[in-house]
Amino acid sequence: MPKVQEGDTRRMEMTRRRFGALLAASGIACAAGFRRVVSNVRDARFVRAVRACVFPGSVRPLDKTEVDKPSKWAG
Amino acid sequence: MTVRCELCPKFCVIEPGQSGECRIRVNVDGKLCAVTYGFPSAVHVDPVEKKPLNHFLPGTSIYSLATVGCNLHCKNCQNWEISQCNPEDASAMRLPPDRLPQLAKRHGCKSVAYTYTDPIVYYEYALDCSIKARELGLRNVLVTAGYINPAPLRELCKYVDAANIDLKAFSDKFYREVCSATLKPVLDTLVTARSMGVLVEVTNLLIPTLNDGDTDIRNLCNWIKRNLGAETPIHFSRFFPRYKMRHLPSTPPETLERARQIAVASGLQHVYAGNVFMRDASNTRCPSCHELLVERVGYRILANNLDDGKCPKCRKEIHGVWK
């Protein structure tokens, strides 16, 4: 069995600095996950508009001859 | 009580009795109301090439409609009379979604286009029409600037077969200054639509001095190739001075030719020029052997040599919806 060197145990021990770094890293990971969950929930929360019963402008009949012509509008 | 519209990235907070930026999503007694639902202001039968779509059922007619309103306010808008119009100043026709598919079929159309203004703002109407059209075997097409949030887009894409999405420039500054919008949501829309199986064709209107530099065009083409694929058709379209941009000249045909060359050099396989008469600019050729597949003059098809969606010479499958 290989002998444990003094330097090895020093690398394994939990120092205040290492603990702080671990704490910060876990905090960042949690925040990132939380942000992702929030954005997914927000994405899925789209609420449809309700339809209006009346059109606020004027209403004209659907004219078949007008429909048959290619439009003057782009697209 | 105010309401917040979550349809597009503008997230308008709307006071009672007021509308969002699009003019047609109104706060009525604390409820968000789509006031143009079932009331298109333009209904026409167009050739599908006019959208423009060159890889979707070529030579067919498409039942095309729009209500007034738009969430963008492009200074160069070609359709500003209807896109920037208040609904109370507009005239419209009554056309409920369940009547639309029969009318489209009666006019010999194989598909329905939500176009002219931006279907994003008459979202609920476009969605319900798409569902009804699908039920009767019709295809659905969006012609849009793509400025929409992901959740409503994903819902709509379930019923959409093809889309021409306007990528106005590859610059956030351009979007902010010319269109009162931002670039990133449009790029997200392009990727989402493609990933959901929608046939995407891209239009880029070239406006002299604003978005017609070699680097602008190259960056745009490289992004399309990387994110949508080299087979994605792109249409460079000619600008004409309109609305609030009458001080600029029309795009010279040489600029469109230069854009085509840059796009081809970037590796895009189907590059077209629109709003202009240029030799071979609207023809579809095989990306492998350069055989002429679909020959067009304007919106007319002179010859369609495709054989079951494949090149008749080298048998390469051509990207598109052909039947």
# chains A, B, ... in the order shown; residues from 1 in each chain; ligands from 1
$ residues_around --residues "stretch 132-140 of chain B" --least-positions-apart "4" --cutoff "12 Å" --atoms "only C-alpha atoms" --output "PyMOL selection string"
chain B and resi 48+56-57+60-65+96-106+108-115+119+125-128+156-164+198-199+321+323
$ residues_around --residues "stretch 248-253 of chain B" --least-positions-apart "2" --cutoff "7 Å" --atoms "only C-alpha atoms" --output "VMD selection string"
chain B and resid 206 to 208 238 to 241 245 to 246 255 to 257
$ residues_around --residues "stretch 147-153 of chain B" --least-positions-apart "5" --cutoff "9 Å" --atoms "only C-alpha atoms" --output "ChimeraX atom specification"
/A:42-48 /B:6-10,71-72,120-121,123,158,181-183,185-186,188-189,192-193
$ residues_around --residues "B:Ser83" --least-positions-apart "2" --cutoff "7 Å" --atoms "only C-alpha atoms" --output "PyMOL selection string"
chain B and resi 68-70+79-81+85+117
$ write_last_selection --atoms "C-alpha atoms" --output "compact mmCIF listing (two decimals), in the first residue's frame"
# COMPACT_ATOMS: atom_id res chain seq x y z
CA VAL B 68 -54.25 45.81 -39.62
CA GLY B 69 -51.49 46.37 -37.03
CA CYS B 70 -47.85 45.48 -36.51
CA ASN B 79 -47.36 48.15 -46.39
CA TRP B 80 -47.53 50.96 -43.86
CA GLU B 81 -51.10 51.93 -44.84
CA CYS B 85 -53.13 51.87 -39.13
CA THR B 117 -48.72 43.04 -41.97
$ closest_residue --among "A:Ala32, A:Thr15, A:Val50, A:Lys72" --to "chain B" --atoms "only C-alpha atoms"
A:Val50
$ interface_residues --of "chain A" --to "chain B" --cutoff "10 Å" --atoms "only C-alpha atoms" --output "JSON, numbers by chain"
{"A": [40, 42, 43, 44, 45, 46, 47, 48, 49, 50, 51, 52, 53, 54, 55, 56, 57, 58, 59, 60, 61, 62, 63, 64, 65, 66, 67, 68, 69, 70, 71, 72, 73, 74, 75]}
$ write_last_selection --atoms "N, CA and C atoms" --output "tab-separated table (two decimals), in the first residue's frame"
chain	number	residue	atom	x	y	z
A	40	ASN	N	-38.29	29.05	-17.83
A	40	ASN	CA	-39.17	28.04	-18.44
A	40	ASN	C	-40.62	28.28	-18.04
A	42	ARG	N	-41.90	31.11	-17.08
A	42	ARG	CA	-42.35	32.35	-17.70
A	42	ARG	C	-42.70	32.11	-19.17
A	43	ASP	N	-41.88	31.29	-19.86
A	43	ASP	CA	-42.12	30.95	-21.26
A	43	ASP	C	-43.47	30.29	-21.46
A	44	ALA	N	-43.79	29.37	-20.54
A	44	ALA	CA	-44.99	28.56	-20.71
A	44	ALA	C	-46.25	29.31	-20.27
A	45	ARG	N	-46.09	30.53	-19.76
A	45	ARG	CA	-47.20	31.21	-19.12
A	45	ARG	C	-47.96	32.13	-20.07
A	46	PHE	N	-47.77	31.98	-21.37
A	46	PHE	CA	-48.40	32.89	-22.33
A	46	PHE	C	-49.92	32.81	-22.24
A	47	VAL	N	-50.55	33.96	-22.11
A	47	VAL	CA	-52.01	34.00	-22.01
A	47	VAL	C	-52.57	34.58	-23.31
A	48	ARG	N	-53.49	33.84	-23.92
A	48	ARG	CA	-54.09	34.29	-25.17
A	48	ARG	C	-55.01	35.47	-24.93
A	49	ALA	N	-55.09	36.35	-25.92
A	49	ALA	CA	-56.04	37.46	-25.84
A	49	ALA	C	-57.43	36.92	-26.17
A	50	VAL	N	-58.44	37.55	-25.60
A	50	VAL	CA	-59.81	37.14	-25.94
A	50	VAL	C	-60.23	37.89	-27.21
A	51	ARG	N	-61.17	37.29	-27.95
A	51	ARG	CA	-61.58	37.93	-29.20
A	51	ARG	C	-62.62	39.02	-28.92
A	52	ALA	N	-62.58	40.05	-29.75
A	52	ALA	CA	-63.57	41.12	-29.60
A	52	ALA	C	-64.84	40.74	-30.35
A	53	CYS	N	-65.97	41.21	-29.88
A	53	CYS	CA	-67.22	40.87	-30.55
A	53	CYS	C	-67.46	41.79	-31.74
A	54	VAL	N	-67.00	43.01	-31.61
A	54	VAL	CA	-67.22	43.97	-32.72
A	54	VAL	C	-65.88	44.53	-33.16
A	55	PHE	N	-65.82	44.83	-34.47
A	55	PHE	CA	-64.62	45.45	-35.01
A	55	PHE	C	-64.75	46.96	-34.82
A	56	PRO	N	-63.71	47.61	-34.33
A	56	PRO	CA	-63.85	49.04	-34.04
A	56	PRO	C	-63.93	49.93	-35.28
A	57	GLY	N	-63.48	49.45	-36.43
A	57	GLY	CA	-63.57	50.24	-37.66
A	57	GLY	C	-64.81	49.89	-38.44
A	58	SER	N	-64.79	50.17	-39.76
A	58	SER	CA	-65.96	49.85	-40.56
A	58	SER	C	-65.83	48.44	-41.13
A	59	VAL	N	-66.97	47.81	-41.35
A	59	VAL	CA	-66.96	46.43	-41.89
A	59	VAL	C	-67.60	46.46	-43.28
A	60	ARG	N	-66.88	45.86	-44.25
A	60	ARG	CA	-67.40	45.81	-45.61
A	60	ARG	C	-67.55	44.34	-46.01
A	61	PRO	N	-68.40	44.06	-47.00
A	61	PRO	CA	-68.58	42.65	-47.38
A	61	PRO	C	-67.34	42.10	-48.09
A	62	LEU	N	-67.15	40.80	-47.95
A	62	LEU	CA	-66.04	40.13	-48.62
A	62	LEU	C	-66.36	40.07	-50.11
A	63	ASP	N	-65.55	40.75	-50.92
A	63	ASP	CA	-65.83	40.88	-52.35
A	63	ASP	C	-65.00	39.87	-53.13
A	64	LYS	N	-65.68	38.94	-53.80
A	64	LYS	CA	-64.99	37.84	-54.48
A	64	LYS	C	-64.04	38.35	-55.58
A	65	THR	N	-64.48	39.40	-56.29
A	65	THR	CA	-63.61	39.90	-57.38
A	65	THR	C	-62.34	40.55	-56.81
A	66	GLU	N	-62.48	41.19	-55.66
A	66	GLU	CA	-61.30	41.79	-55.01
A	66	GLU	C	-60.35	40.69	-54.52
A	67	VAL	N	-60.94	39.62	-53.97
A	67	VAL	CA	-60.13	38.51	-53.45
A	67	VAL	C	-59.36	37.83	-54.58
A	68	ASP	N	-60.00	37.70	-55.73
A	68	ASP	CA	-59.37	37.00	-56.85
A	68	ASP	C	-58.14	37.71	-57.40
A	69	LYS	N	-58.07	39.02	-57.20
A	69	LYS	CA	-56.92	39.77	-57.72
A	69	LYS	C	-55.72	39.62	-56.81
A	70	PRO	N	-54.50	39.44	-57.37
A	70	PRO	CA	-53.31	39.48	-56.51
A	70	PRO	C	-53.23	40.84	-55.83
A	71	SER	N	-52.77	40.85	-54.61
A	71	SER	CA	-52.85	42.09	-53.83
A	71	SER	C	-51.80	43.10	-54.25
A	72	LYS	N	-52.06	44.35	-53.89
A	72	LYS	CA	-51.06	45.40	-54.13
A	72	LYS	C	-50.04	45.42	-53.00
A	73	TRP	N	-50.29	44.68	-51.94
A	73	TRP	CA	-49.39	44.70	-50.78
A	73	TRP	C	-48.19	43.80	-50.99
A	74	ALA	N	-47.09	44.18	-50.39
A	74	ALA	CA	-45.89	43.33	-50.45
A	74	ALA	C	-46.11	42.12	-49.55
A	75	GLY	N	-45.54	40.98	-49.96
A	75	GLY	CA	-45.64	39.78	-49.12
A	75	GLY	C	-46.78	38.90	-49.54
$ residues_around --residues "B:Asp307" --least-positions-apart "4" --cutoff "12 Å" --atoms "only C-alpha atoms" --output "number ranges by chain"
B: 286, 293-294, 311-318, 322-323
$ select_by_dssp --residues "chain A" --states "strand (DSSP E or B)" --output "ChimeraX atom specification"
/A:50-51,58-60
$ write_last_selection --atoms "N, CA and C atoms" --output "PDB file, in the first residue's frame"
ATOM      1  N   VAL A  50     -58.443  37.549 -25.600  1.00  0.00           N
ATOM      2  CA  VAL A  50     -59.812  37.139 -25.944  1.00  0.00           C
ATOM      3  C   VAL A  50     -60.233  37.887 -27.210  1.00  0.00           C
ATOM      4  N   ARG A  51     -61.170  37.286 -27.951  1.00  0.00           N
ATOM      5  CA  ARG A  51     -61.576  37.929 -29.198  1.00  0.00           C
ATOM      6  C   ARG A  51     -62.617  39.019 -28.920  1.00  0.00           C
ATOM      7  N   SER A  58     -64.787  50.173 -39.755  1.00  0.00           N
ATOM      8  CA  SER A  58     -65.959  49.852 -40.563  1.00  0.00           C
ATOM      9  C   SER A  58     -65.830  48.439 -41.128  1.00  0.00           C
ATOM     10  N   VAL A  59     -66.972  47.806 -41.352  1.00  0.00           N
ATOM     11  CA  VAL A  59     -66.964  46.434 -41.890  1.00  0.00           C
ATOM     12  C   VAL A  59     -67.602  46.457 -43.276  1.00  0.00           C
ATOM     13  N   ARG A  60     -66.884  45.864 -44.246  1.00  0.00           N
ATOM     14  CA  ARG A  60     -67.396  45.810 -45.608  1.00  0.00           C
ATOM     15  C   ARG A  60     -67.551  44.343 -46.011  1.00  0.00           C
TER      16      ARG A  60
END
$ residues_around --residues "B:Asn219" --least-positions-apart "4" --cutoff "7 Å" --atoms "only C-alpha atoms" --output "number ranges by chain"
B: 170, 215, 223
$ closest_residue --among "B:Arg296, B:Arg176, B:Lys168, B:His73" --to "B:Leu220" --atoms "only C-alpha atoms"
B:Lys168
$ residues_around --residues "B:Thr2" --least-positions-apart "3" --cutoff "8 Å" --atoms "only C-alpha atoms" --output "list in words"
Val13, Ile14, Glu15, Pro16, Asn27 and Gly30 of chain B
